[in-house]
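This is target.txt (compact mmCIF, C-alpha atoms and all ligand atoms).
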# COMPACT_ATOMS: atom_id res chain seq x y z
CA MET A 1 -51.41 -43.58 17.64
CA GLY A 2 -52.56 -41.92 14.48
CA GLN A 3 -53.84 -44.21 11.79
CA VAL A 4 -53.14 -42.21 8.69
CA THR A 5 -49.82 -41.54 7.12
CA PRO A 6 -50.24 -38.65 4.73
CA VAL A 7 -49.82 -39.73 1.14
CA LEU A 8 -47.58 -37.13 -0.36
CA TYR A 9 -47.51 -36.08 -3.96
CA TYR A 10 -46.01 -32.77 -4.89
CA ALA A 11 -46.20 -30.83 -8.06
CA SER A 12 -42.43 -30.67 -8.08
CA SER A 13 -39.99 -32.08 -5.57
CA MET A 14 -37.71 -29.15 -6.36
CA ASP A 15 -40.37 -26.60 -5.56
CA GLN A 16 -40.55 -25.68 -1.91
CA HIS A 17 -43.61 -23.46 -2.24
CA ILE A 18 -45.98 -24.30 0.58
CA SER A 19 -48.92 -23.60 -1.70
CA GLU A 20 -48.22 -26.96 -3.34
CA LEU A 21 -48.48 -28.92 -0.16
CA ARG A 22 -50.87 -31.86 -0.25
CA ALA A 23 -52.65 -33.78 2.50
CA PRO A 24 -55.27 -36.55 2.64
CA LEU A 25 -58.84 -35.29 3.21
CA GLY A 26 -61.58 -37.72 4.31
CA PHE A 27 -64.61 -37.96 1.99
CA THR A 28 -67.59 -40.28 1.84
CA ARG A 29 -66.89 -43.57 0.06
CA ALA A 30 -68.77 -43.99 -3.22
CA GLU A 31 -70.34 -47.25 -1.98
CA ASP A 32 -71.98 -45.34 0.91
CA VAL A 33 -73.90 -42.99 -1.43
CA SER A 34 -77.46 -43.60 -2.62
CA PRO A 35 -80.34 -41.58 -4.07
CA ASP A 36 -82.29 -39.74 -1.38
CA HIS A 37 -85.89 -40.94 -1.07
CA GLU A 38 -87.17 -37.85 0.73
CA ARG A 39 -85.92 -35.06 -1.51
CA GLU A 40 -85.96 -35.68 -5.23
CA GLY A 41 -82.68 -35.36 -7.04
CA MET A 42 -80.63 -35.36 -3.83
CA LEU A 43 -77.99 -37.85 -2.72
CA ARG A 44 -77.61 -39.32 0.73
CA ALA A 45 -74.60 -40.80 2.54
CA ARG A 46 -75.08 -43.86 4.72
CA THR A 47 -74.78 -43.06 8.42
CA LEU A 48 -71.67 -44.68 9.81
CA PRO A 49 -72.07 -46.70 13.03
CA PHE A 50 -71.23 -44.80 16.22
CA GLY A 51 -67.60 -45.26 17.24
CA VAL A 52 -66.49 -46.56 13.83
CA ASP A 53 -62.86 -45.87 12.97
CA PRO A 54 -63.18 -42.94 10.54
CA TYR A 55 -59.80 -43.74 9.03
CA GLY A 56 -61.17 -47.07 7.81
CA ALA A 57 -64.62 -45.78 6.87
CA LEU A 58 -63.73 -42.72 4.79
CA ASP A 59 -62.22 -42.27 1.35
CA PHE A 60 -59.00 -40.32 1.95
CA ARG A 61 -57.87 -38.39 -1.12
CA SER A 62 -54.67 -36.42 -1.50
CA CYS A 63 -55.69 -32.79 -2.06
CA VAL A 64 -53.67 -29.63 -2.67
CA LEU A 65 -53.90 -27.34 0.36
CA ASN A 66 -53.55 -23.63 -0.41
CA ASP A 67 -51.94 -21.82 2.50
CA CYS A 68 -53.79 -18.51 2.98
CA THR A 69 -50.74 -17.06 4.76
CA LYS A 70 -48.76 -17.35 1.51
CA LEU A 71 -51.40 -16.15 -0.93
CA GLU A 72 -51.72 -12.66 -2.27
CA ASN A 73 -54.79 -11.09 -3.81
CA THR A 74 -57.02 -14.06 -3.12
CA GLU A 75 -60.49 -12.94 -2.14
CA LEU A 76 -62.12 -15.53 0.05
CA LEU A 77 -65.29 -13.86 1.31
CA VAL A 78 -67.85 -15.55 3.50
CA ASP A 79 -70.79 -14.64 1.25
CA GLU A 80 -68.98 -15.93 -1.84
CA ALA A 81 -66.39 -18.57 -0.90
CA GLY A 82 -68.36 -19.62 2.21
CA PHE A 83 -65.60 -18.68 4.66
CA GLU A 84 -63.42 -15.72 5.55
CA THR A 85 -60.51 -15.01 7.89
CA ILE A 86 -61.31 -12.31 10.44
CA ASP A 87 -59.19 -10.15 12.73
CA LEU A 88 -60.13 -10.62 16.40
CA SER A 89 -57.16 -8.80 17.92
CA SER A 90 -59.07 -5.66 18.95
CA ASN A 91 -61.70 -7.50 20.99
CA VAL A 92 -59.94 -7.34 24.38
CA ALA A 93 -62.68 -9.16 26.30
CA LEU A 94 -62.63 -11.99 23.74
CA GLN A 95 -58.85 -12.29 23.93
CA GLN A 96 -59.03 -12.43 27.74
CA ALA A 97 -61.65 -15.20 27.59
CA ILE A 98 -59.53 -17.16 25.09
CA GLU A 99 -56.51 -16.73 27.37
CA THR A 100 -58.55 -18.30 30.18
CA VAL A 101 -59.35 -21.28 27.92
CA ARG A 102 -55.68 -21.56 26.99
CA ARG A 103 -54.55 -21.45 30.63
CA GLU A 104 -57.18 -23.92 31.86
CA ASP A 105 -56.79 -26.09 28.73
CA ARG A 106 -60.57 -26.55 28.68
CA LEU A 107 -63.74 -24.57 28.10
CA SER A 108 -65.39 -23.90 31.45
CA THR A 109 -68.96 -22.60 31.74
CA ALA A 110 -67.57 -19.28 32.98
CA ALA A 111 -65.22 -18.97 29.98
CA ALA A 112 -68.05 -19.88 27.57
CA ASP A 113 -70.24 -17.18 29.16
CA ALA A 114 -67.37 -14.67 28.87
CA LEU A 115 -66.90 -15.55 25.19
CA ARG A 116 -70.60 -15.04 24.45
CA LEU A 117 -70.60 -11.74 26.35
CA SER A 118 -67.53 -10.54 24.43
CA LEU A 119 -69.23 -11.22 21.08
CA ASN A 120 -72.98 -10.64 21.44
CA GLY A 121 -73.96 -7.38 19.77
CA THR A 122 -70.47 -6.60 18.48
CA PRO A 123 -69.39 -5.78 14.92
CA ILE A 124 -66.66 -7.65 13.03
CA ARG A 125 -64.89 -5.90 10.18
CA LEU A 126 -64.57 -7.92 6.98
CA ALA A 127 -62.65 -7.36 3.75
CA ASN A 128 -63.75 -4.82 1.15
CA GLY A 129 -65.56 -2.51 3.59
CA ARG A 130 -68.07 -5.18 4.57
CA SER A 131 -68.92 -6.00 8.18
CA LEU A 132 -70.82 -8.43 10.36
CA ARG A 133 -72.91 -7.62 13.38
CA ILE A 134 -73.22 -10.54 15.80
CA GLU A 135 -76.89 -10.68 16.76
CA HIS A 136 -76.73 -13.80 18.89
CA VAL A 137 -74.23 -16.48 19.89
CA ALA A 138 -76.07 -19.81 20.12
CA ASP A 139 -76.48 -21.43 23.52
CA GLU A 140 -75.68 -24.84 22.04
CA GLY A 141 -72.62 -25.93 20.10
CA MET A 142 -69.75 -24.02 21.72
CA ILE A 143 -66.94 -26.57 22.08
CA HIS A 144 -63.22 -26.86 22.75
CA ARG A 145 -61.16 -29.20 20.60
CA ARG A 146 -57.80 -30.82 21.31
CA ALA A 147 -56.34 -32.79 18.41
CA GLY A 148 -52.98 -34.57 18.63
CA PRO A 149 -50.48 -34.74 15.75
CA ASN A 150 -51.23 -37.44 13.15
CA GLY A 151 -54.48 -38.36 14.92
CA LEU A 152 -52.84 -39.06 18.30
CA ASP A 153 -55.57 -39.24 20.96
CA VAL A 154 -54.93 -36.46 23.49
CA ASN A 155 -58.38 -36.70 25.12
CA PRO A 156 -58.00 -39.84 27.26
CA ASP A 157 -61.16 -39.11 29.25
CA GLY A 158 -63.29 -38.76 26.12
CA MET A 159 -66.00 -36.20 25.42
CA ASP A 160 -67.59 -34.37 28.32
CA GLY A 161 -70.00 -31.69 27.19
CA ALA A 162 -68.02 -28.85 25.63
CA ASN A 163 -64.67 -30.57 26.23
CA GLY A 164 -62.77 -33.64 25.10
CA HIS A 165 -63.51 -33.21 21.39
CA GLY A 166 -60.83 -34.21 18.87
CA GLY A 167 -60.46 -32.92 15.32
CA ALA A 168 -63.17 -33.89 12.83
CA PRO A 169 -61.35 -36.13 10.31
CA GLY A 170 -64.21 -36.26 7.77
CA ILE A 171 -65.11 -33.42 5.42
CA HIS A 172 -68.60 -32.24 6.34
CA GLY A 173 -71.02 -29.31 6.50
CA ASP A 174 -72.59 -28.62 9.88
CA GLN A 175 -76.29 -28.09 9.22
CA ASP A 176 -79.00 -28.59 6.61
CA VAL A 177 -81.20 -25.49 6.62
CA LEU A 178 -84.24 -27.72 6.04
CA GLY A 179 -83.27 -30.30 8.69
CA THR A 180 -83.06 -31.10 12.39
CA PRO A 181 -82.59 -29.26 14.74
CA LEU A 182 -83.21 -25.96 12.90
CA LYS A 183 -86.55 -27.24 11.61
CA GLN A 184 -87.83 -27.78 15.17
CA MET A 185 -86.12 -24.75 16.73
CA MET A 186 -87.44 -22.29 14.15
CA ASP A 187 -90.73 -23.93 13.16
CA GLY A 188 -89.49 -24.29 9.58
CA ALA A 189 -88.67 -20.57 9.18
CA ALA A 190 -84.88 -21.03 8.78
CA PRO A 191 -84.86 -21.19 4.93
CA THR A 192 -86.80 -17.92 4.77
CA LEU A 193 -84.71 -16.14 7.37
CA PHE A 194 -81.15 -17.24 6.56
CA ARG A 195 -79.02 -16.78 3.47
CA HIS A 196 -78.11 -20.26 2.27
CA GLN A 197 -77.35 -22.43 -0.71
CA THR A 198 -77.83 -26.17 -0.81
CA PRO A 199 -78.33 -28.61 -3.73
CA ASP A 200 -82.12 -28.11 -3.72
CA ALA A 201 -82.68 -24.77 -1.98
CA ARG A 202 -81.17 -21.32 -1.80
CA ASN A 203 -81.87 -17.86 -0.40
CA ASP A 204 -79.68 -15.15 -1.94
CA ASP A 205 -81.63 -12.20 -0.59
CA SER A 206 -81.40 -12.33 3.20
CA SER A 207 -78.66 -10.40 5.01
CA LEU A 208 -79.04 -12.75 7.99
CA PHE A 209 -76.54 -15.63 8.17
CA LEU A 210 -76.00 -18.58 10.48
CA LEU A 211 -72.21 -18.75 10.78
CA ASN A 212 -69.63 -20.74 12.69
CA LEU A 213 -66.96 -18.74 14.43
CA TRP A 214 -63.80 -20.84 14.73
CA ILE A 215 -60.94 -19.48 16.85
CA PRO A 216 -57.62 -21.31 17.07
CA ILE A 217 -55.72 -21.30 20.31
CA GLN A 218 -52.90 -22.93 18.37
CA GLN A 219 -52.88 -24.88 15.12
CA ILE A 220 -49.59 -25.90 13.60
CA THR A 221 -50.98 -29.46 13.34
CA ARG A 222 -54.46 -30.74 12.41
CA PRO A 223 -55.46 -27.43 10.83
CA LEU A 224 -58.99 -26.66 9.80
CA VAL A 225 -59.30 -26.92 6.03
CA LEU A 226 -62.12 -25.21 4.14
CA MET A 227 -63.35 -25.48 0.57
CA ASP A 228 -63.97 -22.48 -1.63
CA ARG A 229 -67.59 -23.38 -2.20
CA ARG A 230 -67.58 -21.78 -5.64
CA THR A 231 -65.57 -24.86 -6.68
CA LEU A 232 -68.22 -27.32 -5.39
CA GLN A 233 -70.79 -29.00 -7.63
CA PRO A 234 -73.50 -29.42 -4.98
CA GLN A 235 -75.87 -31.61 -7.01
CA CYS A 236 -73.11 -34.16 -7.60
CA HIS A 237 -70.93 -33.97 -4.49
CA GLN A 238 -72.99 -32.70 -1.53
CA LEU A 239 -74.73 -35.50 0.42
CA ARG A 240 -77.46 -35.49 3.07
CA TYR A 241 -76.29 -37.20 6.26
CA GLY A 242 -77.98 -38.08 9.56
CA LEU A 243 -75.62 -37.62 12.50
CA PRO A 244 -76.73 -39.16 15.84
CA VAL A 245 -75.94 -36.55 18.52
CA THR A 246 -77.25 -37.89 21.82
CA SER A 247 -73.74 -38.95 22.86
CA PHE A 248 -72.63 -35.30 23.09
CA LEU A 249 -75.80 -33.17 23.07
CA ASP A 250 -78.80 -33.19 25.38
CA ARG A 251 -81.60 -33.83 22.90
CA ASP A 252 -85.05 -35.43 22.98
CA ASP A 253 -85.97 -38.23 20.55
CA GLU A 254 -87.34 -35.92 17.86
CA ALA A 255 -84.00 -34.10 17.56
CA SER A 256 -81.67 -37.03 18.24
CA VAL A 257 -80.26 -37.03 14.69
CA ASN A 258 -78.79 -33.84 13.21
CA ASP A 259 -79.23 -33.32 9.48
CA ILE A 260 -75.79 -32.37 8.25
CA TRP A 261 -73.80 -32.72 5.01
CA LYS A 262 -71.03 -34.98 3.77
CA PHE A 263 -69.11 -34.65 0.53
CA LEU A 264 -67.62 -36.57 -2.36
CA PRO A 265 -64.21 -35.53 -3.71
CA ASP A 266 -63.67 -33.82 -7.04
CA PRO A 267 -60.48 -32.51 -8.67
CA ALA A 268 -62.10 -29.10 -9.22
CA GLN A 269 -62.52 -28.49 -5.50
CA GLU A 270 -60.11 -25.94 -3.98
CA TRP A 271 -59.04 -26.26 -0.35
CA TYR A 272 -57.52 -23.66 1.99
CA PHE A 273 -55.86 -23.56 5.41
CA ARG A 274 -53.49 -21.36 7.40
CA SER A 275 -50.12 -22.88 8.35
CA VAL A 276 -49.78 -20.41 11.22
CA MET A 277 -52.78 -19.02 13.04
CA GLY A 278 -53.23 -17.68 16.55
CA SER A 279 -56.26 -16.48 18.44
CA ASP A 280 -55.88 -12.96 17.08
CA GLN A 281 -57.52 -14.42 13.97
CA GLY A 282 -60.52 -16.64 13.37
CA TYR A 283 -62.68 -17.99 10.59
CA VAL A 284 -66.31 -17.30 10.03
CA PHE A 285 -67.90 -19.89 7.78
CA ASP A 286 -71.40 -20.80 6.66
CA THR A 287 -72.94 -23.25 9.13
CA LEU A 288 -75.48 -24.18 6.46
CA GLY A 289 -73.27 -26.34 4.28
CA GLN A 290 -69.70 -25.02 4.12
CA ALA A 291 -67.39 -28.05 3.55
CA HIS A 292 -64.63 -28.30 6.17
CA GLY A 293 -62.65 -30.71 8.36
CA ALA A 294 -59.38 -31.17 10.26
CA CYS A 295 -56.57 -32.59 8.15
CA ILE A 296 -53.25 -34.24 8.94
CA LEU A 297 -50.34 -32.36 7.43
CA PRO A 298 -47.17 -33.97 6.03
CA GLY A 299 -44.67 -34.10 8.88
CA GLU A 300 -47.21 -34.84 11.62
CA GLU A 301 -46.16 -38.49 11.86
CA ALA A 302 -42.67 -37.34 12.90
CA LEU A 303 -44.14 -34.89 15.43
CA GLU A 304 -46.38 -37.62 16.86
CA GLN A 305 -43.37 -39.86 17.43
CA LEU A 306 -41.41 -37.01 19.05
CA HIS A 307 -44.42 -36.13 21.24
CA LEU A 308 -44.56 -39.72 22.52
CA GLN A 309 -40.77 -39.95 22.98
CA ILE A 310 -40.59 -36.71 24.94
CA GLY A 311 -43.54 -37.82 27.06
CA ARG A 312 -41.65 -40.99 28.01
CA ALA A 313 -38.47 -38.95 28.62
CA CYS A 314 -40.37 -36.57 30.94
CA GLU A 315 -41.65 -39.53 32.97
CA ALA A 316 -38.11 -40.93 33.23
CA VAL A 317 -36.66 -37.57 34.30
CA ALA A 318 -39.41 -37.04 36.88
CA LYS A 319 -38.62 -40.49 38.36
CA GLY A 320 -34.84 -40.06 38.05
CA ASP A 321 -34.73 -43.28 35.98
CA ALA A 322 -31.61 -42.98 33.77
CA SER A 323 -32.11 -46.28 31.97
CA ALA A 324 -35.74 -45.38 31.05
CA LEU A 325 -34.47 -42.02 29.81
CA ARG A 326 -31.85 -43.71 27.59
CA GLU A 327 -34.54 -45.99 26.22
CA ALA A 328 -36.88 -43.06 25.53
CA THR A 329 -34.26 -41.04 23.70
CA ALA A 330 -32.57 -43.91 21.81
CA ALA A 331 -34.97 -44.20 18.86
CA PRO A 332 -33.91 -42.11 15.87
CA SER A 333 -36.30 -39.29 14.98
CA LEU A 334 -38.39 -39.70 11.86
CA ALA A 335 -37.22 -37.31 9.17
CA LEU A 336 -39.62 -34.69 7.90
CA PRO A 337 -40.89 -34.92 4.33
CA GLU A 338 -39.25 -32.60 1.88
CA ILE A 339 -42.21 -30.24 1.86
CA THR A 340 -43.97 -29.42 5.09
CA THR A 341 -44.80 -26.16 6.84
CA GLU A 342 -42.26 -23.87 8.49
CA ALA A 343 -44.13 -24.21 11.79
CA ILE A 344 -43.87 -28.02 11.71
CA ARG A 345 -40.19 -27.77 10.79
CA ASP A 346 -39.57 -25.43 13.78
CA ALA A 347 -41.46 -27.72 16.18
CA TRP A 348 -39.54 -30.80 14.91
CA GLN A 349 -36.21 -28.97 15.40
CA CYS A 350 -37.09 -27.88 18.93
CA MET A 351 -38.28 -31.37 19.98
CA THR A 352 -35.29 -33.10 18.42
CA GLU A 353 -32.91 -30.79 20.30
CA LEU A 354 -34.71 -31.41 23.58
CA LEU A 355 -34.32 -35.17 23.12
CA ALA A 356 -30.63 -34.80 22.18
CA GLU A 357 -30.08 -32.69 25.31
CA ALA A 358 -31.78 -35.36 27.45
CA GLU A 359 -29.76 -38.17 25.83
CA THR A 360 -26.50 -36.33 26.54
CA GLN A 361 -27.47 -35.82 30.17
CA ALA A 362 -28.80 -39.33 30.79
CA SER A 363 -25.78 -40.33 32.90
CA GLU A 364 -26.39 -37.32 35.15
CA ILE A 365 -30.14 -37.30 35.01
CA SER A 366 -30.44 -34.92 37.97
CA ALA A 367 -28.97 -32.20 35.73
CA LEU A 368 -32.22 -32.29 33.76
CA ASP A 369 -34.11 -30.06 36.11
CA GLU A 370 -37.51 -28.41 36.11
CA HIS A 371 -36.27 -26.07 33.39
CA TRP A 372 -35.83 -28.96 30.92
CA LEU A 373 -39.13 -30.50 31.99
CA SER A 374 -41.06 -27.29 31.46
CA ARG A 375 -39.50 -26.74 28.00
CA ALA A 376 -40.22 -30.38 27.10
CA ARG A 377 -43.86 -30.17 28.19
CA ALA A 378 -44.29 -26.89 26.31
CA ALA A 379 -42.82 -28.46 23.15
CA MET A 380 -45.27 -31.37 23.45
CA ASP A 381 -48.16 -28.98 23.96
CA VAL A 382 -47.36 -26.84 20.91
CA VAL A 383 -48.01 -29.75 18.53
CA VAL A 384 -51.52 -30.31 19.89
CA ARG A 385 -54.09 -28.33 17.92
CA LYS A 386 -56.52 -26.49 20.19
CA SER A 387 -59.50 -24.43 19.13
CA VAL A 388 -62.85 -23.07 20.20
CA GLU A 389 -65.92 -22.88 17.99
CA MET A 390 -69.45 -21.60 18.26
CA ARG A 391 -72.45 -20.75 16.12
CA MET A 392 -73.92 -17.34 15.76
CA VAL A 393 -76.64 -15.40 13.97
CA VAL A 394 -75.14 -12.41 12.18
CA THR A 395 -76.22 -9.62 9.88
CA LEU A 396 -73.95 -8.91 6.94
CA SER A 397 -73.56 -5.32 5.83
CA THR A 398 -71.91 -4.66 2.47
CA GLU A 399 -71.80 -0.85 2.67
FE FE B 401 -68.01 -28.89 11.69

Output the structure of this file as structure tokens.
Amino acid sequence: MGQVTPVLYYASSMDQHISELRAPLGFTRAEDVSPDHEREGMLRARTLPFGVDPYGALDFRSCVLNDCTKLENTELLVDEAGFETIDLSSNVALQQAIETVRREDRLSTAAADALRLSLNGTPIRLANGRSLRIEHVADEGMIHRRAGPNGLDVNPDGMDGANGHGGAPGIHGDQDVLGTPLKQMMDGAAPTLFRHQTPDARNDDSSLFLLNLWIPIQQITRPLVLMDRRTLQPQCHQLRYGLPVTSFLDRDDEASVNDIWKFLPDPAQEWYFRSVMGSDQGYVFDTLGQAHGACILPGEEALEQLHLQIGRACEAVAKGDASALREATAAPSLALPEITTEAIRDAWQCMTELLAEAETQASEISALDEHWLSRARAAMDVVVRKSVEMRMVVTLSTE
């Protein structure tokens, strides 16, 4: 079960504009912050014990989420805001590889190789006549995520290499340009080679970037949220953090702790997401410090309950157990909050109707055939966020 119920505050309960939607984002608690003893003037966040419940260990703050699908004339460019939405629809080989991931519901070695092949050496058109050329997709760090609504665990077998990853509930930045493992991999040359900006270092001249490419397979729940980094005060709110990685990466002792970033909240920070996003689009964002995480949207608690109810109903139908089906469908559905996304509203409607159909047919359970089961399983699947991400070295061209 998910542990967080979104705390909802809206600018106006009469205003249905999705741009005023709020959701809790997970920041570092103030008591876990201390001066950094290695780099003067920096702050450090205490490393949380492995396996700790993030929902108890983070400071969740209700933040306005700006829905990029509803905004007009907002320029969010990767070299300014730290992230940018890109169009991936014309890369046929990429779309075929993503389709394989979707069908297999995991990232196989063959699919990962196909994704790298579809991207290495290719250009990506950006806004305002700019473009990226992908020089290299990293061998490490390509993963598939499955995140259930409201934090529901949909990875019962846990992490296994590139698979079994949930959504990242804490706001973080993926890599310190001065830290492990870049320091070891590049013999300390990363700050000279890559464009970056951190609280105590920046390179504004290089055209070479280390970027994450994040591609949704589906994301009506647990969307990726990203900060416009122009709204961040790095000296006050960006924190060094040591992340132990040996549980999911094959690393020797020297590189067993990644140097990443955590963040403190601030009212000036602006957050963005997309309420609807398919694999024809992706985000590129700065690996070297861009603040991001997976949030829980208002309405996900209702979808979580429906997901569990339909799962129990499917089991009852498959066994022909009418009394178990009545039990599964008896609980009233949680209502949606007044303001949620259209995609969540559509999913809630579809799932509610499927349960009503099953309840009506409970006395003649055999009438609920494979057709109902396949629609029910599809409705459950739609509310699981799935995505693929990787890191890549790119050259930015502004001409
Ligand atoms: Fe990340």

Using all atoms listed in the file, find all polymer residues with an atom at most 12 Å away from the point (-57.7, -35.9, 23.7); report them as a ChimeraX atom specification.
-> /A:1,105-106,144-149,151-160,163-167,381,384-386

Dump as a tab-separated table (two decimals), in the frame of the given file, selection limited to C-alpha atoms:
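Listed below is the output, again-v5.tsv:
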chain	number	residue	atom	x	y	z
A	1	MET	CA	-51.41	-43.58	17.64
A	105	ASP	CA	-56.79	-26.09	28.73
A	106	ARG	CA	-60.57	-26.55	28.68
A	144	HIS	CA	-63.22	-26.86	22.75
A	145	ARG	CA	-61.16	-29.20	20.60
A	146	ARG	CA	-57.80	-30.82	21.31
A	147	ALA	CA	-56.34	-32.79	18.41
A	148	GLY	CA	-52.98	-34.57	18.63
A	149	PRO	CA	-50.48	-34.74	15.75
A	151	GLY	CA	-54.48	-38.36	14.92
A	152	LEU	CA	-52.84	-39.06	18.30
A	153	ASP	CA	-55.57	-39.24	20.96
A	154	VAL	CA	-54.93	-36.46	23.49
A	155	ASN	CA	-58.38	-36.70	25.12
A	156	PRO	CA	-58.00	-39.84	27.26
A	157	ASP	CA	-61.16	-39.11	29.25
A	158	GLY	CA	-63.29	-38.76	26.12
A	159	MET	CA	-66.00	-36.20	25.42
A	160	ASP	CA	-67.59	-34.37	28.32
A	163	ASN	CA	-64.67	-30.57	26.23
A	164	GLY	CA	-62.77	-33.64	25.10
A	165	HIS	CA	-63.51	-33.21	21.39
A	166	GLY	CA	-60.83	-34.21	18.87
A	167	GLY	CA	-60.46	-32.92	15.32
A	381	ASP	CA	-48.16	-28.98	23.96
A	384	VAL	CA	-51.52	-30.31	19.89
A	385	ARG	CA	-54.09	-28.33	17.92
A	386	LYS	CA	-56.52	-26.49	20.19

Give me, please, the distance in Å between atom CA of Asn128 of chain A and atom CA of Glu72 of chain A, quoted to one decimal.
->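 That distance, rounded to one decimal, is 14.8 Å.
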
Residue with the minimum atom-to-atom distance to ligand FE 401 (chain B), picked from A:Arg274, A:Lys262, A:Arg22, A:Arg345 with all atoms listed in the file counted, is A:Lys262

Using all atoms listed in the file, pick whichever of A:Gly311, A:Pro223, A:Gly289, A:Gly82 has the shortest atom-to-atom distance to ligand FE 401 (chain B).
->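 Of the candidates, the smallest distance to ligand FE 401 (chain B) is held by A:Gly289.
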
Counting all atoms listed in the file, what residues are within 10 Å of ligand FE 401 (chain B), given as a PyMOL selection string?
-> chain A and resi 167-175+212+214+224+260-261+285+287+289-294+389-390

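Coordinates place atom CA of Cys314 of chain A at a distance of 10.5 Å from atom CA of Thr329 of chain A.
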
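Nearest to Leu211 of chain A of all the residues A:Ala138, A:Leu115, A:Ala127, A:Leu306 is A:Ala138, counting only C-alpha atoms.
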
Extract, using only C-alpha atoms, all DNA, RNA and protein residues at most 9 Å from Arg61 of chain A, discarding same-chain residues fewer than 3 positions from it, and format them as an MDAnalysis selection string.
-> chainID A and resid 7 23:27 265

Write a file of the selected residues as a short mmCIF file (atom, residue, chain, number, x, y, z; two decimals), keeping the file's coordinate frame, keeping C-alpha atoms.
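Result file selection-v4.cif:
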data_model
loop_
_atom_site.label_atom_id
_atom_site.label_comp_id
_atom_site.auth_asym_id
_atom_site.auth_seq_id
_atom_site.Cartn_x
_atom_site.Cartn_y
_atom_site.Cartn_z
CA VAL A 7 -49.82 -39.73 1.14
CA ALA A 23 -52.65 -33.78 2.50
CA PRO A 24 -55.27 -36.55 2.64
CA LEU A 25 -58.84 -35.29 3.21
CA GLY A 26 -61.58 -37.72 4.31
CA PHE A 27 -64.61 -37.96 1.99
CA PRO A 265 -64.21 -35.53 -3.71
#

Compile the contact shell of Ser323 of chain A as an NGL selection string: residues with an atom at most 9 Å away, counting all atoms listed in the file, same-chain residues fewer than 6 positions apart removed.
-> :A and (316 or 362-363)

From the list A:Pro181, A:Ala114, A:Leu396, A:Val276, which residue is nearest Gly129 of chain A when using all atoms listed in the file?
-> A:Leu396

Which one of A:Val284, A:Ala343, A:Leu264, A:Ala112 sits closest to Leu226 of chain A if you count only C-alpha atoms?
-> A:Val284

10 Å contact set for Pro35 of chain A, all atoms listed in the file, chain neighbours under 4 positions out, as a VMD selection string = chain A and resid 39 to 45 239 to 240

Segment 98-104 of chain A environment, 10 Å, all atoms listed in the file, sequence neighbours closer than 2 positions dropped, as an mmCIF file with C-alpha atoms, keeping the file's coordinate frame:
data_model
loop_
_atom_site.group_PDB
_atom_site.id
_atom_site.type_symbol
_atom_site.label_atom_id
_atom_site.label_comp_id
_atom_site.auth_asym_id
_atom_site.auth_seq_id
_atom_site.Cartn_x
_atom_site.Cartn_y
_atom_site.Cartn_z
ATOM 1 C CA VAL A 92 -59.940 -7.340 24.380
ATOM 2 C CA ALA A 93 -62.680 -9.160 26.300
ATOM 3 C CA LEU A 94 -62.630 -11.990 23.740
ATOM 4 C CA GLN A 95 -58.850 -12.290 23.930
ATOM 5 C CA GLN A 96 -59.030 -12.430 27.740
ATOM 6 C CA ARG A 106 -60.570 -26.550 28.680
ATOM 7 C CA LEU A 107 -63.740 -24.570 28.100
ATOM 8 C CA SER A 108 -65.390 -23.900 31.450
ATOM 9 C CA ALA A 110 -67.570 -19.280 32.980
ATOM 10 C CA ALA A 111 -65.220 -18.970 29.980
ATOM 11 C CA ALA A 112 -68.050 -19.880 27.570
ATOM 12 C CA ALA A 114 -67.370 -14.670 28.870
ATOM 13 C CA LEU A 115 -66.900 -15.550 25.190
ATOM 14 C CA HIS A 144 -63.220 -26.860 22.750
ATOM 15 C CA ILE A 215 -60.940 -19.480 16.850
ATOM 16 C CA PRO A 216 -57.620 -21.310 17.070
ATOM 17 C CA ILE A 217 -55.720 -21.300 20.310
ATOM 18 C CA GLN A 218 -52.900 -22.930 18.370
ATOM 19 C CA SER A 279 -56.260 -16.480 18.440
ATOM 20 C CA ASP A 280 -55.880 -12.960 17.080
ATOM 21 C CA LYS A 386 -56.520 -26.490 20.190
ATOM 22 C CA SER A 387 -59.500 -24.430 19.130
ATOM 23 C CA VAL A 388 -62.850 -23.070 20.200
#

Between atom CA of Arg391 of chain A and atom CA of Leu210 of chain A, measure the distance and give it in Å to one decimal.
->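 Here the two named atoms are 7.0 Å from each other.
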
Top pick for closest residue to Thr398 of chain A, considering A:Asp369, A:Glu254, A:Asp79, A:Glu342 and counting only C-alpha atoms |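 So, comparing all the options, the nearest one is A:Asp79.
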
Output: segment 152-157 of chain A of the preceding structure, restricted to N, CA and C atoms, written as a short mmCIF file (atom, residue, chain, number, x, y, z; two decimals), in the first residue's frame.
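Result file selection-v6.cif:
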data_model
loop_
_atom_site.label_atom_id
_atom_site.label_comp_id
_atom_site.auth_asym_id
_atom_site.auth_seq_id
_atom_site.Cartn_x
_atom_site.Cartn_y
_atom_site.Cartn_z
N LEU A 152 2.05 2.20 -4.39
CA LEU A 152 1.80 0.75 -4.37
C LEU A 152 3.00 0.01 -4.97
N ASP A 153 3.48 -1.02 -4.26
CA ASP A 153 4.64 -1.78 -4.74
C ASP A 153 4.20 -2.74 -5.84
N VAL A 154 4.69 -2.51 -7.05
CA VAL A 154 4.34 -3.39 -8.18
C VAL A 154 5.59 -4.14 -8.67
N ASN A 155 6.60 -4.20 -7.80
CA ASN A 155 7.83 -4.93 -8.12
C ASN A 155 8.09 -5.96 -7.01
N PRO A 156 7.24 -7.00 -6.94
CA PRO A 156 7.32 -7.91 -5.79
C PRO A 156 8.66 -8.64 -5.71
N ASP A 157 9.36 -8.78 -6.83
CA ASP A 157 10.64 -9.51 -6.79
C ASP A 157 11.82 -8.59 -6.51
#
